[in-house]
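Colleague: Before I ask anything, here is the structure I am working with.
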Amino acid sequence: MTRKKIMDIKSLTIAQAKKDLQEKKYSSVELTTAYLDRIEKLNPTLNAFITVSKAEALEQAKKADEQFSNLTIEQLSNYPLLGIPIALKDIYSTIGIRTTAGSTVLENYVPPFDATVVKKLKDAGTIIIGKTNLDAWAHGSSGENSEFGPTKNPWNTAYVPGGSSSGSAVAVAADFALAASGTDTGGSIRLPASFTNTVGLKPTYGRVSRAGIISMSSSMDTIGHFTKTVEDSALYLSVSAGQDPMDATTPDQPVPDYLKNLTKGVKGLKIGIPLEFNPFEDEPTRQANKMKMKEALNVLSKLGAEMVEISLPHTEYAIAVYYIIQPSEVSSNLARFDGIRFGNDRSSFGEEAKRRIMLGTYTLSAGYYDAYYKKAMKVRTLIKKDFDEAFKKVDAIIAPVSPTPPWKLGEKNDDPLAMYLSDIYTVTANLSGNPGLAVPIGFANELPVGMQIIGPHFSEELLFQIGHAYEQETKWFEKRPNI
Amino acid sequence: MKIDVKHVAKLANLTLTEDEIKKFEGQLSSILEYVETLKEVDTDDVKETSQVTGLENVTREDETTPSLTLEQALSNTKSSQNGNFKVKAVFKES
């Protein structure tokens, strides 16, 4: 029992667990068991997991413990995440573990291979504890579009946790794992991070390999993750980032030491505040969120950052561009699911997948391609140029993640356009390829609020530096949901 | 703006119910109406962006590496024969 007291998983981070495991305060089997017990008890309420891989996790943990006993400190440095339990969004291919993409089309699909990132995470020593719930095919902003039932927000189970990486955000928020992987094509990591008081990284396009992760929109899909702290996010990216011959969009760009500048602070940095990102409008119920954003900027000013107003003039067109490019690419990517080589046939697609396939097929069809797809790709150039111009004046941009606080389950179900508009502040970075780090900035009406820090391509180091400085001052991650 | 939903469903190889056809007619039209705003943007001299980090012609050595075994490749199909995927006939016998 004394050991359980040492291992307080509500306050545990990757950085701390690494230390504890190395000092043998507890074993990886004990740590993994603690998480599995918590999942068993609380997952029925939150529905964060589609599959819990208990047997595999315990076996991996046992192996990790052997390594801790047998390897030298120097050898152990080759396993930067040894013994750390993590969860994977159920859109990452995992050898021998069912991978559904949240859809009944793949309800019985067991991949015969691992995604590149899964291989890297395994090689680093992580324990894969299970596969998390998501909006089917990553289509959605709330998590309600899963064909395995909606995920609930641990801060108030009447509310959505945000999507599409709903289960991964909740896995970290509810202490079911120390980190969880996600994908972000239009905000699917940053939005649920901001709704659950977790740190969510959408890396630069191409920074992390997409190979083996079920594609949604190939020109925008990015592979990121959720953690409790910014430091943990940096640790995780050090493992997941890098060039992969299996994904031609990963550049030959060195992976820096993401922890190197972590504690450098924000003194002298110029932070851009986009005029066009004016969320929460003047609705009285959203004033609390607006206040949180102001407070966050004040904290950064006090820490020595200089705030500069900037303009991203094409922001108002981002959702329109996104809802042409994304469904077009979705219709193409989902064309391969025919039920012949794996999975069920096309009659198993749910309503949202069908809606996007239909929309994309239409915008790519003869006679409409120029008017829709080509036009959207041109406006995309202008959106990217807005960012390029802004980064000539500032080091990074800070903006809200969501235009609204988390909403109640069922509130937006019959209005797809209203649901699509919840991505209004996140899609621009997917269109331009820039990295974005969502960081908690407190609570409004007892529900979490987040901001995003956006930087130039491949500036993740800088995002961690800014995020860490803010986090050390505020420590919102220390507040845990009461479940 | 009205979409010929039945025609598009055929192109996409989707079978829709009458209810879905009706529902999609309304919903897809309102989404397309919304994206019409792009017409306001002057893009006369603008090139399209399809790859944001500027990579071009990425190739790798054409070397054989270990890949899936026949058994692994067929492990998820409902219908195989003699080590092949079995599909419905495409051509009719005359």
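Just remember, in the structure tokens the first chain shown is A, the second B, etc., residues are 1-based per chain, and ligands are 1-based in the order shown.
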From range 9-89 of chain B, collect each residue whose DSSP state is helix (DSSP H, G or I) and return the set as a ChimeraX atom specification.

Modeller: /B:9-11,18-40,70-73

Colleague: Selection from above, C-alpha atoms, as a short mmCIF file (atom, residue, chain, number, x, y, z; two decimals), in the first residue's frame, can you write it?

Modeller:
data_model
loop_
_atom_site.label_atom_id
_atom_site.label_comp_id
_atom_site.auth_asym_id
_atom_site.auth_seq_id
_atom_site.Cartn_x
_atom_site.Cartn_y
_atom_site.Cartn_z
CA ALA B 9 -24.06 8.83 -55.00
CA LYS B 10 -23.57 6.69 -58.07
CA LEU B 11 -20.17 8.30 -58.77
CA GLU B 18 -34.80 7.92 -49.91
CA ASP B 19 -34.61 9.70 -46.54
CA GLU B 20 -30.86 10.23 -46.89
CA ILE B 21 -31.28 11.56 -50.43
CA LYS B 22 -33.76 14.15 -49.18
CA LYS B 23 -31.67 15.08 -46.17
CA PHE B 24 -28.44 15.41 -48.17
CA GLU B 25 -30.14 17.54 -50.84
CA GLY B 26 -30.85 20.18 -48.22
CA GLN B 27 -27.64 19.88 -46.21
CA LEU B 28 -25.20 19.74 -49.13
CA SER B 29 -26.91 22.70 -50.78
CA SER B 30 -26.56 24.82 -47.66
CA ILE B 31 -22.86 23.90 -47.32
CA LEU B 32 -22.26 24.75 -50.99
CA GLU B 33 -24.12 28.03 -50.54
CA TYR B 34 -21.78 28.82 -47.65
CA VAL B 35 -18.61 28.13 -49.67
CA GLU B 36 -19.88 30.43 -52.44
CA THR B 37 -18.28 33.27 -50.41
CA LEU B 38 -14.96 32.30 -52.04
CA LYS B 39 -16.21 33.98 -55.23
CA GLU B 40 -15.51 37.32 -53.54
CA LEU B 70 0.70 -13.70 -48.33
CA GLU B 71 -0.98 -14.93 -45.17
CA GLN B 72 -0.78 -11.50 -43.52
CA ALA B 73 -2.07 -9.72 -46.62
#

Colleague: Could the residues of chain A within 6 Å of chain B, counting only C-alpha atoms, be given as a PyMOL selection string, please?

Modeller: chain A and resi 112+248+320+341-342+377-378+381+433

Colleague: Output the selection as an mmCIF file, in the first residue's frame - N, CA and C atoms for each residue.

Modeller:
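part-v8.cif, written as the output of this step:
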data_model
loop_
_atom_site.group_PDB
_atom_site.id
_atom_site.type_symbol
_atom_site.label_atom_id
_atom_site.label_comp_id
_atom_site.auth_asym_id
_atom_site.auth_seq_id
_atom_site.Cartn_x
_atom_site.Cartn_y
_atom_site.Cartn_z
ATOM 1 N N PRO A 112 -2.124 -5.970 -40.049
ATOM 2 C CA PRO A 112 -0.948 -6.841 -40.022
ATOM 3 C C PRO A 112 0.357 -6.058 -39.908
ATOM 4 N N ALA A 248 6.466 10.349 -48.018
ATOM 5 C CA ALA A 248 7.277 11.274 -48.810
ATOM 6 C C ALA A 248 7.103 12.733 -48.386
ATOM 7 N N ALA A 320 -14.603 27.908 -45.498
ATOM 8 C CA ALA A 320 -15.089 27.597 -46.849
ATOM 9 C C ALA A 320 -14.025 26.834 -47.639
ATOM 10 N N ARG A 341 -10.580 -6.392 -49.465
ATOM 11 C CA ARG A 341 -9.343 -6.858 -48.818
ATOM 12 C C ARG A 341 -9.449 -6.867 -47.292
ATOM 13 N N PHE A 342 -10.243 -5.948 -46.756
ATOM 14 C CA PHE A 342 -10.439 -5.896 -45.304
ATOM 15 C C PHE A 342 -11.688 -5.064 -45.035
ATOM 16 N N MET A 377 -7.893 25.861 -53.576
ATOM 17 C CA MET A 377 -6.439 25.721 -53.474
ATOM 18 C C MET A 377 -5.739 27.058 -53.722
ATOM 19 N N LYS A 378 -6.386 27.927 -54.477
ATOM 20 C CA LYS A 378 -5.810 29.263 -54.690
ATOM 21 C C LYS A 378 -5.990 30.136 -53.451
ATOM 22 N N THR A 381 -3.491 29.419 -50.867
ATOM 23 C CA THR A 381 -2.222 30.125 -51.054
ATOM 24 C C THR A 381 -2.240 31.467 -50.334
ATOM 25 N N GLY A 433 -0.161 24.680 -42.915
ATOM 26 C CA GLY A 433 0.865 23.723 -42.503
ATOM 27 C C GLY A 433 1.614 24.109 -41.237
#

Colleague: Report as a PyMOL selection string all protein, DNA and RNA residues lying within 10 Å of Val118 in chain A, evaluated on only C-alpha atoms, omitting residues in the same chain fewer than 2 positions from it.

Modeller: chain A and resi 88+92-95+113-116+120-124+126+128+181+211-213+240

Colleague: Would you mind exporting the chosen residues as a JSON list (two decimals), in the first residue's frame, restricted to C-alpha atoms?

Modeller:
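Contents of part.json, as written:
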[["chain", "number", "residue", "atom", "x", "y", "z"],
["A", 88, "LEU", "CA", -3.31, 5.56, -29.20],
["A", 92, "TYR", "CA", -3.20, 4.38, -35.77],
["A", 93, "SER", "CA", -2.54, 0.92, -37.24],
["A", 94, "THR", "CA", -1.38, -1.49, -34.53],
["A", 95, "ILE", "CA", -0.19, -4.97, -35.39],
["A", 113, "PHE", "CA", 1.50, -3.95, -39.48],
["A", 114, "ASP", "CA", 2.31, -1.03, -37.16],
["A", 115, "ALA", "CA", 2.21, 2.62, -38.23],
["A", 116, "THR", "CA", 5.72, 4.13, -38.34],
["A", 120, "LYS", "CA", 8.91, 4.46, -32.90],
["A", 121, "LEU", "CA", 6.88, 4.67, -29.70],
["A", 122, "LYS", "CA", 7.35, 0.95, -29.06],
["A", 123, "ASP", "CA", 11.09, 1.23, -29.76],
["A", 124, "ALA", "CA", 11.26, 4.07, -27.21],
["A", 126, "THR", "CA", 6.22, 2.92, -24.22],
["A", 128, "ILE", "CA", 0.40, 0.81, -25.25],
["A", 181, "SER", "CA", -1.75, 10.20, -29.61],
["A", 211, "ALA", "CA", 2.45, 6.18, -42.71],
["A", 212, "GLY", "CA", 0.08, 3.59, -41.27],
["A", 213, "ILE", "CA", -2.39, 6.12, -39.90],
["A", 240, "SER", "CA", 7.63, 10.69, -32.84]]

Colleague: Figure out the distance between CA of Ile466 in chain A and CA of Lys294 in chain A, please, to one decimal in Å.

Modeller: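 Between CA of Lys294 in chain A and CA of Ile466 in chain A the gap works out to 16.4 Å.
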
Colleague: Can you measure CA of Glu461 in chain A to CA of Leu262 in chain A for me? One decimal in Å is fine.

Modeller: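 Answer for the CA of Glu461 in chain A to CA of Leu262 in chain A separation: 7.5 Å.
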
Colleague: Measuring atom to atom with only C-alpha atoms, identify which of A:Gly442, A:Pro80, A:Pro456, A:Gly102 is nearest to Asn145 in chain A.

Modeller: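 So, comparing all the options, the nearest one is A:Gly102.
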
Colleague: Just the number, please: distance in Å from CA of Val379 in chain A to CA of Asn278 in chain A, one decimal.

Modeller: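 Atom-to-atom, CA of Val379 in chain A to CA of Asn278 in chain A, that is 21.1 Å.
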
Colleague: Assign secondary structure with DSSP using the backbone only, and return the residues of range 72-271 of chain A in strand (DSSP E) as a ChimeraX atom specification.

Modeller: /A:85-89,127-132,179-184,199-202,222-227,270-271

Colleague: Between A:Val394, A:Val230, A:Val321, A:Ala136, which residue has the minimum interatomic distance to Lys354 in chain A, considering only C-alpha atoms?

Modeller: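 Between A:Val394, A:Val230, A:Val321, A:Ala136, the residue approaching Lys354 in chain A most closely is A:Ala136.
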
Colleague: Set the distance at 9 Å and use only C-alpha atoms: which residues neighbour range 408-412 of chain A once local chain neighbours fewer than 2 positions away are removed? I'd like the list as a list in words.

Modeller: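 Those residues are Ser142, Glu144, Pro150, Lys152, Thr157, Ala158, Tyr159, Val160, Pro406, Asp414, Asp415, Pro416, Ala418 and Met419 of chain A.
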
Colleague: For the residues selected in the previous step, produce a file with N, CA and C atoms as a PDB file, in the first residue's frame.

Modeller:
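For reference, out.pdb as written:
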ATOM      1  N   SER A 142     -16.738  16.950 -31.974  1.00  0.00           N
ATOM      2  CA  SER A 142     -17.301  16.764 -30.641  1.00  0.00           C
ATOM      3  C   SER A 142     -17.066  15.379 -30.053  1.00  0.00           C
ATOM      4  N   GLU A 144     -19.002  12.978 -30.787  1.00  0.00           N
ATOM      5  CA  GLU A 144     -20.313  12.316 -30.810  1.00  0.00           C
ATOM      6  C   GLU A 144     -20.530  11.459 -32.045  1.00  0.00           C
ATOM      7  N   PRO A 150     -20.600   8.100 -27.945  1.00  0.00           N
ATOM      8  CA  PRO A 150     -19.849   9.331 -27.683  1.00  0.00           C
ATOM      9  C   PRO A 150     -18.949   9.213 -26.463  1.00  0.00           C
ATOM     10  N   LYS A 152     -17.450  11.179 -23.145  1.00  0.00           N
ATOM     11  CA  LYS A 152     -17.964  12.242 -22.275  1.00  0.00           C
ATOM     12  C   LYS A 152     -16.808  13.050 -21.704  1.00  0.00           C
ATOM     13  N   THR A 157     -19.891  15.422 -17.385  1.00  0.00           N
ATOM     14  CA  THR A 157     -20.223  14.376 -18.359  1.00  0.00           C
ATOM     15  C   THR A 157     -21.440  14.710 -19.221  1.00  0.00           C
ATOM     16  N   ALA A 158     -22.091  15.829 -18.975  1.00  0.00           N
ATOM     17  CA  ALA A 158     -23.180  16.252 -19.856  1.00  0.00           C
ATOM     18  C   ALA A 158     -22.631  16.972 -21.090  1.00  0.00           C
ATOM     19  N   TYR A 159     -21.310  17.256 -21.074  1.00  0.00           N
ATOM     20  CA  TYR A 159     -20.698  18.040 -22.153  1.00  0.00           C
ATOM     21  C   TYR A 159     -19.787  17.197 -23.033  1.00  0.00           C
ATOM     22  N   VAL A 160     -19.594  17.647 -24.272  1.00  0.00           N
ATOM     23  CA  VAL A 160     -18.693  16.950 -25.192  1.00  0.00           C
ATOM     24  C   VAL A 160     -17.240  17.275 -24.804  1.00  0.00           C
ATOM     25  N   PRO A 406     -17.108  24.367 -24.458  1.00  0.00           N
ATOM     26  CA  PRO A 406     -17.674  23.048 -24.790  1.00  0.00           C
ATOM     27  C   PRO A 406     -19.206  23.109 -24.778  1.00  0.00           C
ATOM     28  N   ASP A 414     -28.015  18.205 -35.370  1.00  0.00           N
ATOM     29  CA  ASP A 414     -28.794  18.297 -36.602  1.00  0.00           C
ATOM     30  C   ASP A 414     -28.360  19.433 -37.511  1.00  0.00           C
ATOM     31  N   ASP A 415     -27.251  20.065 -37.166  1.00  0.00           N
ATOM     32  CA  ASP A 415     -26.811  21.195 -37.968  1.00  0.00           C
ATOM     33  C   ASP A 415     -25.330  21.047 -38.302  1.00  0.00           C
ATOM     34  N   PRO A 416     -25.016  20.284 -39.380  1.00  0.00           N
ATOM     35  CA  PRO A 416     -23.598  20.047 -39.697  1.00  0.00           C
ATOM     36  C   PRO A 416     -22.797  21.329 -39.871  1.00  0.00           C
ATOM     37  N   ALA A 418     -23.132  24.253 -38.406  1.00  0.00           N
ATOM     38  CA  ALA A 418     -22.806  24.835 -37.093  1.00  0.00           C
ATOM     39  C   ALA A 418     -21.650  24.074 -36.456  1.00  0.00           C
ATOM     40  N   MET A 419     -21.663  22.749 -36.618  1.00  0.00           N
ATOM     41  CA  MET A 419     -20.576  21.915 -36.084  1.00  0.00           C
ATOM     42  C   MET A 419     -19.273  22.261 -36.809  1.00  0.00           C
TER      43      MET A 419
END

Colleague: Which residues, written as a CSV table (one decimal) with C-alpha atoms, in the first residue's frame, have at least one atom at most 10 Å from Ala399 in chain A, with only C-alpha atoms counted and residues fewer than 3 positions away on the same chain left out?

Modeller:
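This is the output file part-v9.csv:
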chain,number,residue,atom,x,y,z
A,272,GLY,CA,1.1,38.4,-32.7
A,273,ILE,CA,-2.5,38.8,-31.8
A,274,PRO,CA,-4.7,38.4,-34.9
A,275,LEU,CA,-7.4,41.1,-35.2
A,276,GLU,CA,-9.6,38.7,-37.1
A,277,PHE,CA,-9.8,36.1,-34.4
A,278,ASN,CA,-12.4,37.7,-32.3
A,279,PRO,CA,-14.2,34.9,-30.6
A,293,MET,CA,-8.0,34.9,-23.0
A,297,LEU,CA,-2.1,37.5,-22.6
A,402,SER,CA,-12.5,27.4,-30.1
A,425,TYR,CA,-9.8,29.2,-35.5
A,426,THR,CA,-8.0,25.9,-35.9
A,436,GLY,CA,0.1,24.9,-33.2
A,438,ALA,CA,-2.9,24.2,-27.4
A,450,GLY,CA,-7.4,26.8,-24.0
A,451,MET,CA,-5.3,29.0,-26.2
A,452,GLN,CA,-3.2,28.0,-29.2
A,453,ILE,CA,0.4,29.2,-29.9
A,454,ILE,CA,1.1,29.1,-33.7
